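Enquirer: The structure file structure10.cif (mmCIF, C-alpha atoms) is provided below.
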data_target
loop_
_atom_site.label_atom_id
_atom_site.label_comp_id
_atom_site.auth_asym_id
_atom_site.auth_seq_id
_atom_site.Cartn_x
_atom_site.Cartn_y
_atom_site.Cartn_z
CA MET L 261 88.33 121.99 108.69
CA GLN L 262 89.99 123.89 111.50
CA ARG L 263 91.14 127.33 110.37
CA MET L 264 93.57 129.70 112.01
CA ILE L 265 94.34 133.12 110.48
CA GLU L 266 97.02 135.27 112.10
CA ILE L 267 97.71 138.76 110.74
CA LYS L 268 100.63 140.71 112.20
CA ARG L 269 101.73 144.31 111.79
CA VAL L 270 99.18 145.07 109.10
CA GLY L 271 97.17 148.28 108.97
CA PRO L 272 93.44 148.56 108.21
CA ARG L 273 93.48 146.42 105.05
CA GLY L 274 90.30 144.42 105.04
CA HIS L 275 90.90 143.11 101.54
CA VAL L 276 93.89 141.10 102.86
CA ARG L 277 91.66 139.14 105.22
CA GLN L 278 89.03 138.84 102.52
CA LEU L 279 91.54 137.35 100.09
CA LEU L 280 92.70 134.92 102.76
CA GLU L 281 89.12 133.85 103.44
CA GLU L 282 88.41 133.37 99.72
CA LEU L 283 91.54 131.27 99.18
CA LEU L 284 90.90 129.24 102.33
CA GLY L 285 87.42 128.50 101.02
CA ARG L 286 88.87 127.18 97.77
CA LEU L 287 91.44 125.11 99.67
CA GLU L 288 88.70 123.70 101.88
CA HIS L 289 86.86 122.58 98.75
CA LYS L 290 89.98 120.72 97.59
CA LEU L 291 90.24 119.00 100.99
CA ARG L 292 86.59 117.99 101.20
CA HIS L 293 87.39 114.27 100.80
CA PHE L 294 89.13 114.28 104.21
CA PRO L 295 87.15 114.11 107.49
CA GLU L 296 86.55 117.68 108.68
CA ASP L 297 87.99 117.10 112.14
CA ALA L 298 91.19 115.60 110.67
CA VAL L 299 92.25 118.69 108.71
CA SER L 300 93.70 121.92 110.05
CA VAL L 301 95.09 124.94 108.24
CA ARG L 302 97.11 127.79 109.72
CA VAL L 303 97.99 130.89 107.71
CA VAL L 304 100.19 133.72 108.99
CA PHE L 305 100.56 137.04 107.19
CA GLU L 306 102.76 139.94 108.27
CA GLU L 307 104.33 143.07 106.86
CA ASN L 308 107.80 144.40 107.53
CA GLY L 309 107.46 148.14 107.13
CA SER L 310 111.19 148.86 107.17
CA ARG L 311 111.75 146.67 104.11
CA THR L 312 108.26 147.03 102.66
CA LEU L 313 107.99 143.25 102.45
CA SER L 314 104.99 141.02 102.96
CA ARG L 315 105.43 137.52 104.30
CA ALA L 316 102.89 134.73 104.15
CA SER L 317 103.16 131.18 105.48
CA LEU L 318 100.66 128.38 105.24
CA THR L 319 100.68 125.04 107.05
CA CYS L 320 98.16 122.35 106.21
CA HIS L 321 97.79 119.17 108.28
CA VAL L 322 95.96 116.25 106.68
CA PRO L 323 95.89 112.61 107.83
CA GLY L 324 99.43 111.25 107.58
CA HIS L 325 100.90 114.33 105.95
CA THR L 326 101.86 117.96 106.66
CA ILE L 327 102.30 120.52 103.88
CA ALA L 328 103.92 123.91 104.43
CA ALA L 329 104.84 126.87 102.24
CA HIS L 330 106.39 130.28 102.78
CA GLU L 331 106.50 133.28 100.47
CA GLU L 332 108.05 136.74 100.79
CA GLN L 333 107.11 139.47 98.31
CA ARG L 334 106.73 143.22 98.16
CA ASP L 335 103.14 142.72 97.01
CA ALA L 336 100.81 141.38 99.72
CA GLY L 337 98.52 139.64 97.24
CA ALA L 338 101.45 137.95 95.49
CA ALA L 339 102.79 136.58 98.78
CA ILE L 340 99.39 135.23 99.80
CA ARG L 341 98.62 133.73 96.40
CA GLY L 342 102.10 132.20 96.29
CA VAL L 343 101.75 130.14 99.47
CA PHE L 344 98.29 128.90 98.55
CA ALA L 345 99.43 127.96 95.03
CA GLU L 346 102.39 126.02 96.46
CA VAL L 347 100.23 124.13 98.97
CA GLU L 348 97.67 123.31 96.27
CA ARG L 349 100.50 122.08 94.02
CA GLN L 350 101.83 119.82 96.77
CA LEU L 351 98.33 118.49 97.48
CA GLU L 352 97.83 117.64 93.80
CA LYS L 353 101.22 115.93 93.72
CA GLN L 354 100.33 113.85 96.78
CA LYS L 355 96.92 113.02 95.33
CA ALA L 356 98.49 111.88 92.05
CA ARG L 357 100.96 109.69 93.93
CA LEU L 358 98.19 108.09 95.97
CA ARG L 359 96.15 107.49 92.83
CA ARG L 360 99.05 105.71 91.15
CA GLU L 361 99.59 103.51 94.21
CA HIS L 362 95.91 102.67 94.30
CA LEU L 363 95.96 101.86 90.59
CA ARG L 364 98.94 99.53 90.97
CA LYS L 365 97.23 97.63 93.78
CA ARG L 366 94.04 97.37 91.82
CA ILE L 367 95.79 96.06 88.71
CA ALA L 368 97.75 93.52 90.74
CA SER L 369 94.63 92.09 92.35
CA ARG L 370 92.20 92.39 89.45
CA ARG L 371 94.14 92.01 86.21
CA PHE L 372 91.12 90.67 84.37
CA LEU L 373 89.66 94.20 84.34
CA ILE L 374 92.45 95.67 82.22
CA ALA L 375 91.45 94.17 78.87
CA PRO L 376 87.80 95.34 78.98
CA LEU L 377 88.94 98.74 80.16
CA VAL L 378 91.38 99.16 77.27
CA ALA L 379 88.80 97.89 74.80
CA GLY L 380 86.30 100.41 76.07
CA LEU L 381 88.78 103.26 75.72
CA LEU L 382 89.66 102.24 72.18
CA ALA L 383 86.00 102.09 71.26
CA SER L 384 85.30 105.56 72.62
CA PRO L 385 84.95 108.24 69.95
CA PRO L 386 87.86 110.69 69.89
CA VAL L 387 87.31 114.19 71.20
CA ALA L 388 87.60 116.79 68.46
CA GLN L 389 90.74 118.91 68.77
CA GLY L 390 89.99 122.27 70.32
CA ALA L 391 86.59 121.15 71.56
CA SER L 392 85.65 122.17 75.08
CA GLU L 393 82.75 121.85 77.40
CA PRO L 394 80.36 124.80 77.60
CA SER L 395 81.49 127.17 80.31
CA LYS L 396 79.43 127.27 83.45
CA PRO L 397 77.56 130.45 84.27
CA PRO L 398 79.00 132.60 87.06
CA SER L 399 78.24 131.50 90.59
CA PRO L 400 76.10 133.73 92.84
CA GLN L 401 79.27 134.89 94.61
CA ALA L 402 80.81 135.86 91.28
CA VAL L 403 77.66 137.66 90.15
CA GLU L 404 77.71 139.75 93.32
CA ALA L 405 81.40 140.55 92.81
CA ILE L 406 80.78 141.58 89.19
CA ARG L 407 78.06 143.92 90.43
CA LEU L 408 80.54 145.55 92.82
CA LEU L 409 82.98 146.23 89.96
CA ALA L 410 80.76 149.16 88.98
CA SER L 411 80.86 150.65 92.49
CA ASP L 412 82.08 154.22 92.99
CA ASP L 413 83.92 153.00 96.10
CA LEU L 414 87.51 152.12 95.16
CA TYR L 415 87.80 149.68 98.07
CA GLN L 416 84.66 147.84 96.96
CA ARG L 417 86.01 147.55 93.41
CA GLN L 418 89.36 146.21 94.59
CA ALA L 419 87.67 143.70 96.89
CA ALA L 420 85.49 142.57 93.97
CA PHE L 421 88.52 141.97 91.75
CA LEU L 422 90.22 139.98 94.53
CA ARG L 423 87.10 137.90 95.06
CA LEU L 424 86.81 137.11 91.34
CA GLU L 425 90.50 136.28 91.22
CA ALA L 426 90.09 133.84 94.09
CA LEU L 427 87.00 132.22 92.52
CA ARG L 428 88.77 131.68 89.16
CA GLU L 429 85.58 131.27 87.15
CA PRO L 430 86.20 131.51 83.37
CA ALA L 431 82.71 132.93 82.82
CA THR L 432 83.73 136.11 84.68
CA ALA L 433 86.64 136.97 82.37
CA SER L 434 84.57 139.02 79.92
CA ALA L 435 83.20 141.20 82.73
CA ILE L 436 86.70 141.79 84.10
CA GLN L 437 88.06 142.49 80.62
CA ARG L 438 85.95 145.66 80.38
CA TYR L 439 88.11 147.23 83.10
CA ALA L 440 91.49 146.37 81.58
CA GLY L 441 91.41 149.68 79.70
CA ASP L 442 89.95 151.77 82.53
CA SER L 443 91.30 155.28 83.06
CA ASP L 444 92.16 154.46 86.69
CA PRO L 445 95.61 152.76 86.93
CA ASP L 446 94.72 150.74 90.02
CA THR L 447 91.61 149.38 88.33
CA ARG L 448 93.67 148.33 85.31
CA ALA L 449 96.21 146.69 87.62
CA TYR L 450 93.62 144.68 89.55
CA SER L 451 91.89 143.59 86.35
CA LEU L 452 95.17 142.40 84.83
CA ARG L 453 95.99 140.30 87.90
CA ALA L 454 92.53 138.78 87.90
CA LEU L 455 92.69 137.96 84.18
CA ALA L 456 96.12 136.36 84.60
CA THR L 457 94.79 134.06 87.32
CA ILE L 458 91.53 133.18 85.57
CA LEU L 459 92.74 132.81 81.97
CA GLY L 460 96.27 131.55 82.60
CA ALA L 461 98.33 131.27 79.44
CA GLN L 462 95.53 132.80 77.36
CA ALA L 463 96.21 136.13 79.09
CA ILE L 464 99.91 136.23 78.17
CA PRO L 465 99.60 138.42 75.02
CA GLN L 466 97.52 141.02 76.88
CA LEU L 467 99.88 141.01 79.86
CA LEU L 468 102.93 141.39 77.61
CA GLN L 469 101.28 144.33 75.86
CA ALA L 470 100.44 146.00 79.17
CA LEU L 471 103.98 145.49 80.45
CA LYS L 472 105.34 147.12 77.30
CA THR L 473 102.94 150.01 76.73
CA ASP L 474 100.82 150.83 79.80
CA PRO L 475 101.80 154.32 81.07
CA ALA L 476 101.06 153.47 84.71
CA ALA L 477 103.69 151.77 86.86
CA GLU L 478 100.92 150.05 88.84
CA ALA L 479 99.64 148.31 85.73
CA ARG L 480 103.09 147.35 84.45
CA ARG L 481 103.94 145.91 87.85
CA ALA L 482 100.66 143.97 87.89
CA ALA L 483 101.48 142.58 84.45
CA LEU L 484 104.88 141.43 85.73
CA LEU L 485 103.36 139.63 88.70
CA GLY L 486 100.62 138.13 86.55
CA LEU L 487 103.16 136.79 84.06
CA GLU L 488 105.50 135.30 86.67
CA PRO L 489 103.71 131.92 87.06
CA LEU L 490 103.15 131.77 83.28
CA GLN L 491 106.78 132.20 82.26
CA ALA L 492 107.21 128.62 81.03
CA HIS L 493 104.25 128.91 78.64
CA HIS L 494 105.64 131.51 76.22
CA PRO L 495 109.17 132.25 74.93
CA ASP L 496 108.61 136.03 74.98
CA VAL L 497 107.96 136.24 78.73
CA LEU L 498 111.53 135.98 79.99
CA PRO L 499 112.86 138.60 77.51
CA ALA L 500 110.03 140.89 78.65
CA PHE L 501 111.06 140.37 82.28
CA ILE L 502 114.66 141.23 81.43
CA THR L 503 113.55 144.38 79.61
CA ALA L 504 111.53 145.39 82.68
CA LEU L 505 114.78 145.46 84.68
CA ARG L 506 115.38 148.79 82.89
CA ASP L 507 111.91 150.20 83.52
CA ARG L 508 111.86 153.94 84.25
CA LYS L 509 109.98 153.42 87.51
CA THR L 510 111.81 152.15 90.58
CA GLU L 511 108.97 149.98 91.86
CA VAL L 512 108.68 148.17 88.52
CA ARG L 513 112.43 147.52 88.39
CA MET L 514 112.38 146.17 91.94
CA THR L 515 109.55 143.79 91.09
CA ALA L 516 111.35 142.72 87.91
CA VAL L 517 114.50 141.98 89.92
CA ASP L 518 112.52 139.80 92.30
CA VAL L 519 110.81 137.94 89.46
CA VAL L 520 113.92 137.41 87.31
CA SER L 521 116.01 136.25 90.27
CA ARG L 522 113.63 133.32 90.80
CA ILE L 523 114.07 131.97 87.26
CA ASP L 524 116.60 129.19 86.72
CA ASP L 525 117.98 130.30 83.38
CA PRO L 526 121.45 131.57 82.33
CA ARG L 527 119.83 134.60 80.71
CA ALA L 528 118.21 135.53 84.01
CA ARG L 529 121.53 135.26 85.85
CA GLU L 530 123.32 137.36 83.27
CA ALA L 531 120.57 140.00 83.36
CA ILE L 532 120.81 140.32 87.17
CA VAL L 533 124.60 140.67 86.99
CA THR L 534 124.29 143.39 84.35
CA ARG L 535 121.56 145.28 86.21
CA ARG L 536 123.55 145.06 89.44
CA ARG L 537 126.52 146.68 87.73
CA ARG L 538 124.51 149.52 86.20
CA GLU L 539 121.81 150.32 88.78
CA GLN L 540 122.13 153.74 90.46
CA ARG L 541 119.21 153.76 92.90
CA ARG L 542 120.10 152.61 96.40
CA ASP L 543 116.77 150.88 97.09
CA VAL L 544 116.99 148.87 93.88
CA GLN L 545 120.63 148.06 94.64
CA ARG L 546 119.58 146.53 97.96
CA VAL L 547 117.04 144.33 96.20
CA LEU L 548 119.67 143.33 93.66
CA GLU L 549 122.04 142.33 96.48
CA LEU L 550 119.40 140.04 97.96
CA ALA L 551 118.64 138.62 94.52
CA ALA L 552 122.32 137.94 93.87
CA GLN L 553 122.60 136.08 97.18
CA ARG L 554 119.53 134.01 96.34
CA MET L 555 121.04 133.10 92.95
CA GLY L 556 124.47 132.36 94.38
CA LEU L 557 126.16 135.14 92.38
#
Please render this file's structure as structure tokens.
Expert:
Amino acid sequence: MQRMIEIKRVGPRGHVRQLLEELLGRLEHKLRHFPEDAVSVRVVFEENGSRTLSRASLTCHVPGHTIAAHEEQRDAGAAIRGVFAEVERQLEKQKARLRREHLRKRIASRRFLIAPLVAGLLASPPVAQGASEPSKPPSPQAVEAIRLLASDDLYQRQAAFLRLEALREPATASAIQRYAGDSDPDTRAYSLRALATILGAQAIPQLLQALKTDPAAEARRAALLGLEPLQAHHPDVLPAFITALRDRKTEVRMTAVDVVSRIDDPRAREAIVTRRRREQRRDVQRVLELAAQRMGL
């Protein structure tokens, strides 16, 4: 696979490139069924210092198809994860469509296989509800990242969390969980984001609790961003987002505005209108103006 990484107007932030490399590695694994010389991926990341925004774009060329995604966020990691998640979603959608077409052709040409196939499925013993396969042990890359979580170097710890987040191995969740109550706010924030990515909906109760009670704005903001892709899985998430629009910290309110404005729900629209009418801080007001334009208010 041909890779091209372009980073513009970004200071000495090695963990940004490291996250890009980790996510590109995962994307390459998903594209392994294509010939290597027929696939190319280009990712561009830049920061706009005047608006403190991070932009990420990803273009993926595969035989007969081009997939592109763009994301703009105040959090660099959120922007990067967003474009990769969108491209992966589009790839899965295309793969499912191709599978259905292949299945239709196969059934049309070989109908005599359907009856034995159905009979075999009916004869198969049912899987017990709640049963799951034993989790795989952590990979060597994950083991090394877990080791770095105990480092005295803050940069090394942050890079380790980002690496584990990119790997998404369920077996690493217990190791990350130990740091969710750490005394350092940044460590708590990175652990919450990693747990949200690895555990998915299972992490919602912990993220909701952190958003409600954690004293650090960094951790509350991380909980918001971790909950954003999980909003459809729990009825309490949207009300928690709306409550965060009144958070005492400006950066949390700004993140909440961005998150709520992307939700297609009358309650979200009403909450943005209300916050726009009551907000006093100029920087938050500017974000609310952009959100209102995006929502057509």
Enquirer: Find the residues around Ala405 in chain L up to 8 Å (all atoms listed in the file counted), leave out those fewer than 2 positions away in its own chain, and share them as a list in words.
Expert: Gln401, Ala402, Val403, Arg407, Leu408, Leu409, Ala420, Phe421, Arg423 and Leu424 of chain L
Enquirer: Report as a count of residues only the full result of the PyMOL selection byres ((chain L and resi 397) around 9) when it is applied to this structure.
Expert: 8
Enquirer: For a test of reading the model, state the distance in Å between CA of Leu351 in chain L and CA of Val519 in chain L, rounded to one decimal.
Expert: 24.5 Å
Enquirer: Write out as a list in words which residues come within 8 Å of Phe501 in chain L when counting only C-alpha atoms, dropping same-chain ones fewer than 6 positions away.
Expert: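 In the requested form, the answer reads Leu484, Ala516, Val519 and Val520 of chain L.
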Enquirer: Which residues of range 427-531 of chain L come within 12 Å of range 323-344 of chain L, and for each one, what is the closest pair of atoms and their distance in Å to one decimal, counting all atoms listed in the file, sorted by chain and residue number, as a Markdown table?
Expert:
| residue | atom | partner | partner_atom | distance |
| --- | --- | --- | --- | --- |
| L:Tyr450 | CA | L:Gly337 | CA | 10.4 |
| L:Arg453 | CA | L:Ala338 | CA | 9.6 |
| L:Ala454 | CA | L:Gly337 | CA | 11.1 |
| L:Thr457 | CA | L:Arg341 | CA | 9.9 |
| L:Glu478 | CA | L:Asp335 | CA | 11.2 |
| L:Arg481 | CA | L:Asp335 | CA | 9.7 |
| L:Ala482 | CA | L:Asp335 | CA | 9.5 |
| L:Ala483 | CA | L:Ala338 | CA | 12.0 |
| L:Leu484 | CA | L:Ala338 | CA | 10.9 |
| L:Leu485 | CA | L:Ala338 | CA | 7.3 |
| L:Gly486 | CA | L:Ala338 | CA | 9.0 |
| L:Leu487 | CA | L:Ala338 | CA | 11.6 |
| L:Glu488 | CA | L:Ala338 | CA | 10.1 |
| L:Pro489 | CA | L:Gly342 | CA | 9.4 |
| L:Glu511 | CA | L:Arg334 | CA | 9.5 |
| L:Val512 | CA | L:Arg334 | CA | 11.0 |
| L:Met514 | CA | L:Arg334 | CA | 8.9 |
| L:Thr515 | CA | L:Arg334 | CA | 7.6 |
| L:Ala516 | CA | L:Arg334 | CA | 11.3 |
| L:Val517 | CA | L:Arg334 | CA | 11.4 |
| L:Asp518 | CA | L:Gln333 | CA | 8.1 |
| L:Val519 | CA | L:Gln333 | CA | 9.7 |
| L:Arg522 | CA | L:Gln333 | CA | 11.7 |
Enquirer: Please measure the separation of CA of Val304 in chain L and CA of Lys268 in chain L, giving the value in Å to one decimal.
Expert: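 Taking CA of Val304 in chain L as the start and CA of Lys268 in chain L as the end point, the length is 7.7 Å.
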Enquirer: With 12 Å as the threshold, what does the neighbourhood of (85.8, 146.7, 91.6) contain in terms of residues, counting only C-alpha atoms? Coordinates are those of the file; answer as a PDB file with C-alpha atoms, in the frame of the given file.
Expert:
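As written to disk, result_16.pdb reads:
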ATOM      1  CA  HIS L 275      90.900 143.110 101.540  1.00  0.00           C
ATOM      2  CA  ALA L 402      80.810 135.860  91.280  1.00  0.00           C
ATOM      3  CA  GLU L 404      77.710 139.750  93.320  1.00  0.00           C
ATOM      4  CA  ALA L 405      81.400 140.550  92.810  1.00  0.00           C
ATOM      5  CA  ILE L 406      80.780 141.580  89.190  1.00  0.00           C
ATOM      6  CA  ARG L 407      78.060 143.920  90.430  1.00  0.00           C
ATOM      7  CA  LEU L 408      80.540 145.550  92.820  1.00  0.00           C
ATOM      8  CA  LEU L 409      82.980 146.230  89.960  1.00  0.00           C
ATOM      9  CA  ALA L 410      80.760 149.160  88.980  1.00  0.00           C
ATOM     10  CA  SER L 411      80.860 150.650  92.490  1.00  0.00           C
ATOM     11  CA  ASP L 412      82.080 154.220  92.990  1.00  0.00           C
ATOM     12  CA  ASP L 413      83.920 153.000  96.100  1.00  0.00           C
ATOM     13  CA  LEU L 414      87.510 152.120  95.160  1.00  0.00           C
ATOM     14  CA  TYR L 415      87.800 149.680  98.070  1.00  0.00           C
ATOM     15  CA  GLN L 416      84.660 147.840  96.960  1.00  0.00           C
ATOM     16  CA  ARG L 417      86.010 147.550  93.410  1.00  0.00           C
ATOM     17  CA  GLN L 418      89.360 146.210  94.590  1.00  0.00           C
ATOM     18  CA  ALA L 419      87.670 143.700  96.890  1.00  0.00           C
ATOM     19  CA  ALA L 420      85.490 142.570  93.970  1.00  0.00           C
ATOM     20  CA  PHE L 421      88.520 141.970  91.750  1.00  0.00           C
ATOM     21  CA  LEU L 422      90.220 139.980  94.530  1.00  0.00           C
ATOM     22  CA  ARG L 423      87.100 137.900  95.060  1.00  0.00           C
ATOM     23  CA  LEU L 424      86.810 137.110  91.340  1.00  0.00           C
ATOM     24  CA  GLU L 425      90.500 136.280  91.220  1.00  0.00           C
ATOM     25  CA  ALA L 435      83.200 141.200  82.730  1.00  0.00           C
ATOM     26  CA  ILE L 436      86.700 141.790  84.100  1.00  0.00           C
ATOM     27  CA  GLN L 437      88.060 142.490  80.620  1.00  0.00           C
ATOM     28  CA  ARG L 438      85.950 145.660  80.380  1.00  0.00           C
ATOM     29  CA  TYR L 439      88.110 147.230  83.100  1.00  0.00           C
ATOM     30  CA  ALA L 440      91.490 146.370  81.580  1.00  0.00           C
ATOM     31  CA  ASP L 442      89.950 151.770  82.530  1.00  0.00           C
ATOM     32  CA  ASP L 444      92.160 154.460  86.690  1.00  0.00           C
ATOM     33  CA  ASP L 446      94.720 150.740  90.020  1.00  0.00           C
ATOM     34  CA  THR L 447      91.610 149.380  88.330  1.00  0.00           C
ATOM     35  CA  ARG L 448      93.670 148.330  85.310  1.00  0.00           C
ATOM     36  CA  ALA L 449      96.210 146.690  87.620  1.00  0.00           C
ATOM     37  CA  TYR L 450      93.620 144.680  89.550  1.00  0.00           C
ATOM     38  CA  SER L 451      91.890 143.590  86.350  1.00  0.00           C
ATOM     39  CA  ALA L 454      92.530 138.780  87.900  1.00  0.00           C
TER      40      ALA L 454
END
Enquirer: If you apply the PyMOL selection byres ((chain L and resi 465) around 12) to this file, what residues do you get, as a ChimeraX atom specification?
Expert: /L:452,455-456,459-464,466-472,483,486-487,490-491,493-497,500
Enquirer: If I take CA of Leu313 in chain L and CA of Arg542 in chain L, how far is one from the other in Å, to one decimal?
Expert: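 Taking CA of Leu313 in chain L as the start and CA of Arg542 in chain L as the end point, the length is 16.5 Å.
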